[in-house]
Each structure stands twice: as C-alpha cells, then as structure tokens.
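*Asks:* I have a structure I would like to understand better, so I am pasting it below and will then ask my questions one at a time.
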Amino acid sequence: MQFSTSSGNPAKTRTQCVLVGIYENNKLSDTAKLFDKASKGYLKKVIGRGDISGKAGQTLMLHDVPGINAPRVMLVGCGDINGATGARYLQMLKAAVATLKKSSAISALCCLTETGAGKNDLAWKTRRLAEAFTSGNYSLTRLKGKPPASDNALQSVDVYVADKKSNAAAKAALADGSAIGMGISFAKDLGNLPGNICTPTYLADESKKLAKAYKSLTCKVLDEKEMQKLGMGSLLSVGHGSAEPSKLIVIQHKGGKAKAKPHVLVGKGITFDTGGISLKSAGTMYDMIYDMCGAASVMGAMKTVAEQNLPINIIAVIAAAENMPSDRATRPGDIVTSMSGQTIEVLNTDAEGRLVLCDALTYVDKFDPETVIDVATLTGACVVALGSHASALYANDDKLAQDITEAGEDSLDRVWRMPLWDEYQPQINSAFADMANIGGPQAGSITAACFLSRFTKKYRWAHLDIAGSAFKGGTTTKGSTGRPVGLLVQYLMDRVAESK
Ligand code: BES
Ligand code: MN
Ligand code: ZN
C-alpha cells in the first residue's frame with residue numbers, strides 16, 4: 001500500500017474514491033460541506049433519504065456524484081460531532097476500510113482526518129489511518145485450494161491535508177502508521193497459520209528472513225543441543241514429546257549506540273498446545289494454533305521497528321516449542337531444572353508457557369537489559385478475568401508499568417495492571433522442588449505471573465498475558481488480532497522520545 005498526502009481540492013482530485021465524513025443529525029464535515037456545494041445539494045438529499053444517519057461505523061458508497069471528479073464518494077459515519085473519541089475514530093476507519101475492500105477502487109483519497117478523535121492530534125489520526133488501511137487489508141487466503149484472484153484491489157491512499165504546513169508531519173505519521181500496520185499484518189499471519197505449517201522451525205526461518213530483509217536486524221537460532229548446554233531443562237521439557245525440535249530465536253535490532261542498554265521483548269512461541277500428557281479436551285483445542293501469538297507480536301514489533309529504524313537497541317527472544325503427548329513427553333510430577341538452577345515440579349503439562357518463558361527470561365539477563373517485557377497467551381484465567389479488550393499487565397517496576405499503560409492508552413491496544421503481591425506466591429509452593437508449575441484454581445493468571453517473577457529479579461520486567469486479546473477463536477470467523485504489536489511499538493517509540 002502506497003501512502004501520500006494531497007492538498008488539492010478534493011472535489012477535483014483524480015482518484016477512484018473519496019472518503020468523506022458525516023456526523024449524526026445531518027452535520028457535515030468540511031469536505032462533505034464542500035461536496036454538497038459542488039454537487040448542488042446532492043449529498044444532503046441522499047442523507048435526507050435516511051440510508052445513512054452518520055452513526056460511527058456506517059458507510060454508504062455513492063457513484064457519479066455530480067460536480068465531483070472521482071467516480072465514487074464514500075460517506076462515512078463519524079457519530080455525534082460532540083462525542084468524538086480515539087476509539088470511535090478507529091471504529092470509523094475500520095468500517096471505511098472494509099467497505100473500500102469490497103469495491104474495486106485501486107486508489108482513494110481519504111478526508112477522514114478532519115473528523116474528531118478526542119484529545120488526539122492530526123499526527124495521531126494520520127498514523128492510525130495508515131495503520132488501519134495497512135492491517136485492515138489483511139486476510140489469509142493463500143491456504144484455500146484456489147486462492148481468490150484478489151479482494152485487495154486498493155493500491156494507494158492519499159490523505160487529504162488541508163493545511164500544507166502540516167504536510168511533513170503527516171508524511172512522517174503515514175510512514176509510522178504503515179510500518180505499524182505491516183508489523184500487525186505479519187503478526188496476524190504467523191498467528192493464523194496452523195500448527196502443521198507454523199512450527200518452531202518455521203518461526204526460526206521467518207525470523208532469519210526478517211533479518212535478511214532489514215539491515216538493522218540480525219538473527220541467531222539456538223537448537224536443542226545448545227539449549228541443553230545452557231541448562232534450559234525447563235524449556236526443553238515442553239517440546240520433549242514432540243517430533244518438532246524446539247528453538248530459541250534471538251533477533252537483534254541495533255539502532256542505538258553500541259553500548260546503550262537494549263529493551264528486550266520475550267515471546268511465548270508454543271506453535272501448538274495440546275496440553276501434553278495433561279491433554280486438553282477436544283472442545284476448542286484447535287484454538288491452540290494461536291498459542292504462539294506472543295512470539296508473533298514480538299516478531300511483528302521487530303519488523304516495525306526495523307522498518308522505522310528506531311534509534312534504540314531492541315532484542316527479541318522467542319521460546320518456540322510444540323506441546324505434544326508421546327512416550328517421550330514430560331509426565332505430570334516430573335521435576336525439571338531450569339537454567340536459573342531452580343527446580344520445577346511439573347504438576348500439569350498444560351501449564352507449559354511459563355516453562356518455556358522462565359528459561360528465556362533467565363537467558364536474556366546476559367544482555368544487561370534496560371527493560372524486559374514478555375508477551376504470552378499464558379492462561380485461560382486471564383480471559384475469564386479481563387475478556388478480550390485488555391491484556392493483563394504485571395510488573396516488578398512501577399515506572400515500567402506506567403509507561404506500558406500509557407502506551408496502551410495511546411495505541412488503544414490497552415492493558416490493565418494486575419497484582420503481583422507476595423501473598424500469592426505460596427500457591428506455587430512444591431513439596432519436592434523449588435516450585436510447582438501450577439497454583440491451584442484461584443487467581444490463575446496471577447500465579448502464572450508469580451512463577452515468572454521468580455526468574456526476573458535482576459532487571460525491570462513486565463509480563464503481558466494476552467490470552468484474551470491476541471485472537472478471536474472459533475471455526476469460521478476466527479483470527480489473530482495482531483495485538484499487542486501496536487502497544488509494543490508505541491512503548492518503544494515513547495522510549496525514543498524520552499531519550500531525546
Ligand atoms: N495456552 C494456554 C492458555 C490459553 C487458554 C490461551 C485459552 C488462550 C486461550 C496455556 O498453556 C494453558 O493451557 N494454561 C492452563 C494453565 C493451567 C493448567 C494452570 C489454563 O489456563 O487452563
Ligand atoms: Mn497449555
Ligand atoms: Zn499454552
């Protein structure tokens with residue numbers, strides 16, 4: 001998708017479709033007013049018919065509007081003119097992108113940044129626009145026997161910038177938004193690919209490809225032998241029952257000074273989670289193709305920061321394994337030794353995410369990180385607690401928690417902080433080992449975080465449980481959301497701004 005800015009008269013601009021906002025109660029945006037005038041009242045006449053009321057998320061495609069050069073004009077509902085919020089702005093964009101996708105327009109002029117988005121400024125609106133157009137155009141079609149010719153006709157989007165002085169800022173915002181959209185689409189793709197295609201080796205290969213595509217990136221993949229040498233008995237216990245070899249993937253973005261401490265992202269990459277010997281029930285086990293969405297979001301964020309060439313150092317570490325039952329699989333009750341030296345009693349082989357993450361979290365200490373954020377579809381309990389709108393946030397550092405919360409509000413990829421109080425720790429006590437990998441029926445997302453906290457004492461750390469936010473499960477309408485790529489990138493961009 002090509003993005004550019006345009007400051008000419010939208011009524012005269014050569015494009016295949018112009019997107020124009022209208023509010024509830026027959027209120028028109030500036031461009032809608034202009035078009036109404038140019039078409040001698042045509043727009044008001046159409047709106048008066050009642051087919052579109054201006055509610056946020058409504059769209060109406062008009063053809064051959066008199067006085068307008070473009071063959072199509074899409075009216076886009078923006079809601080009550082006084083009630084604009086960032087979330088509503090995104091809802092409107094999403095609807096506009098979906099309607100445009102159904103048309104065969106290959107170019108569009110978008111005049112929607114002149115509509116309100118709460119406290120957010122023009123740069124924010126422009127960035128979100130590019131992000132929505134890039135990631136909204138995503139669909140996984142290549143696994144159909146006969147992939148559809150293409151339902152993504154759209155090739156270029158111009159954003160109308162009324163005030164030419166804002167042109168440079170708008171262009172920069174478009175570049176950022178497009179980079180974020182690409183990262184989100186990449187994460188969606190990895191998330192949606194099924195377990196027989198997206199294996200730990202596939203994640204490693206995709207990471208290597210990423211590093212080939214961007215100069216700032218390098219990639220190193222540790223195999224089982226190397227992990228064995230490092231003492232990663234916990235991580236390795238998860239993939240032991242699988243024919244697919246486990247991988248530890250390290251992607252580095254060197255954008256800052258050589259000595260500047262890196263921000264580290266760690267992703268849970270369980271490419272399929274059967275539960276292992278503690279086998280899951282058949283019900284919705286198929287949703288567990290999404291159990292590598294943490295890894296996908298981290299890889300997506302790396303693609304974006306490389307695209308943006310952010311001037312800081314960032315390292316992604318992905319703990320990739322497949323959780324399968326077999327004669328070689330870890331048994332409930334087995335005790336394994338983690339890289340940290342702490343021993344773990346595996347009471348339930350379905351609590352495998354924490355087992356791969358704890359060794360990755362010990363491993364990253366060698367980078368002397370500024371901050372570490374791990375991202376994981378870790379617990380069903382998290383979905384019960386927060387549903388799909390917020391990711392659960394845990395942190396051993398208040399400033400880090402605050403920074404992530406703010407990045408969530410800004411990107412609208414939001415988090416909600418949960419407690420990591422010492423009072424919860426005894427729930428993961430073990431009779432024979434240093435800890436157990438489950439903490440009983442209460443506070444399951446919290447006790448999982450407590451488990452990780454025992455491996456992250458040496459640095460500022462946060463954990464995101466994205467079990468509810470990363471994907472929508474089911475059979476026909478399922479899909480990865482690409483979250484929390486938007487949050488992670490915003491957090492990293494804020495660190496760049498902070499260092500200036
Ligand atoms: N991958 C699952 C968590 C999950 C569940 C993610 C639903 C997304 C949607 C994780 O590995 C798991 O199985 N967790 C168990 C932990 C339990 C055995 C302590 C769970 O949540 O039931
Ligand atoms: Mn599991
Ligand atoms: Zn899992």
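In the structure tokens, chains take the letters A, B, ... in the order shown, each chain's residues start at 1, and ligands count up from 1 in the order shown.
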List all protein, DNA and RNA residues that have at least one atom no more than 9 Å from any atom of ligand 3, counting only C-alpha atoms and all ligand atoms, and write them as a PyMOL selection string.
*Replies:* chain A and resi 268-275+288+290-292+323+350-354+376-379+467
*Asks:* Mind checking which residues fall within 6 Å of stretch 397-413 of chain A, counting only C-alpha atoms, ignoring those fewer than 2 positions away in the same chain, and posting them as a VMD selection string?
*Replies:* chain A and resid 395 415 460 486 to 487 490 to 491
*Asks:* Find the residues near A:Thr362: any atom within 9 Å, counting only C-alpha atoms, skip ones fewer than 2 places away on the same chain, and give them as a list in words.
*Replies:*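 Selected residues are Ser338, Met339, Ser340, Leu357, Cys358, Asp359, Ala360, Val364, Asp365, Lys366, Phe455 and Thr456 of chain A.
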*Asks:* Might you pull out every residue within 10 Å of A:Ser453, with only C-alpha atoms counted and same-chain residues fewer than 6 positions away left off, and present them as number ranges by chain?
*Replies:* A: 358, 361, 394-396, 420, 425, 447, 461-463
*Asks:* Contacts of A:Ser216 at 9 Å or less, counting only C-alpha atoms, minus same-chain residues fewer than 4 places along, as a PyMOL selection string?
*Replies:* chain A and resi 211+252-255+306+309
*Asks:* Give me a file of those residues, with N, CA and C atoms, as a CSV table (one decimal), in the first residue's frame.
*Replies:*
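Writing done, so here's selection-v9.csv:
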```csv
chain,number,residue,atom,x,y,z
A,211,ALA,N,15.6,-10.9,9.3
A,211,ALA,CA,16.9,-10.3,9.5
A,211,ALA,C,17.6,-10.1,8.2
A,252,GLN,N,18.0,-9.3,16.9
A,252,GLN,CA,18.5,-8.0,17.5
A,252,GLN,C,18.4,-6.9,16.5
A,253,HIS,N,17.9,-5.8,17.0
A,253,HIS,CA,17.8,-4.6,16.2
A,253,HIS,C,18.8,-3.6,16.8
A,254,LYS,N,19.8,-3.3,16.0
A,254,LYS,CA,20.8,-2.3,16.5
A,254,LYS,C,20.6,-1.0,15.9
A,255,GLY,N,19.8,-0.2,16.6
A,255,GLY,CA,19.5,1.2,16.1
A,255,GLY,C,20.2,2.3,16.9
A,306,ALA,N,12.3,-2.1,12.7
A,306,ALA,CA,13.3,-2.2,11.7
A,306,ALA,C,12.9,-1.3,10.5
A,309,ASN,N,13.4,2.0,11.6
A,309,ASN,CA,14.8,2.2,12.0
A,309,ASN,C,14.9,3.0,13.3
```
*Asks:* Enumerate, as a PyMOL selection string, the complete set of residues in stretch 78-327 of chain A that a backbone-based DSSP assignment places in alpha helix (DSSP H).
*Replies:* chain A and resi 86-102+122-136+167-192+200-213+224-230+233-239+293-308
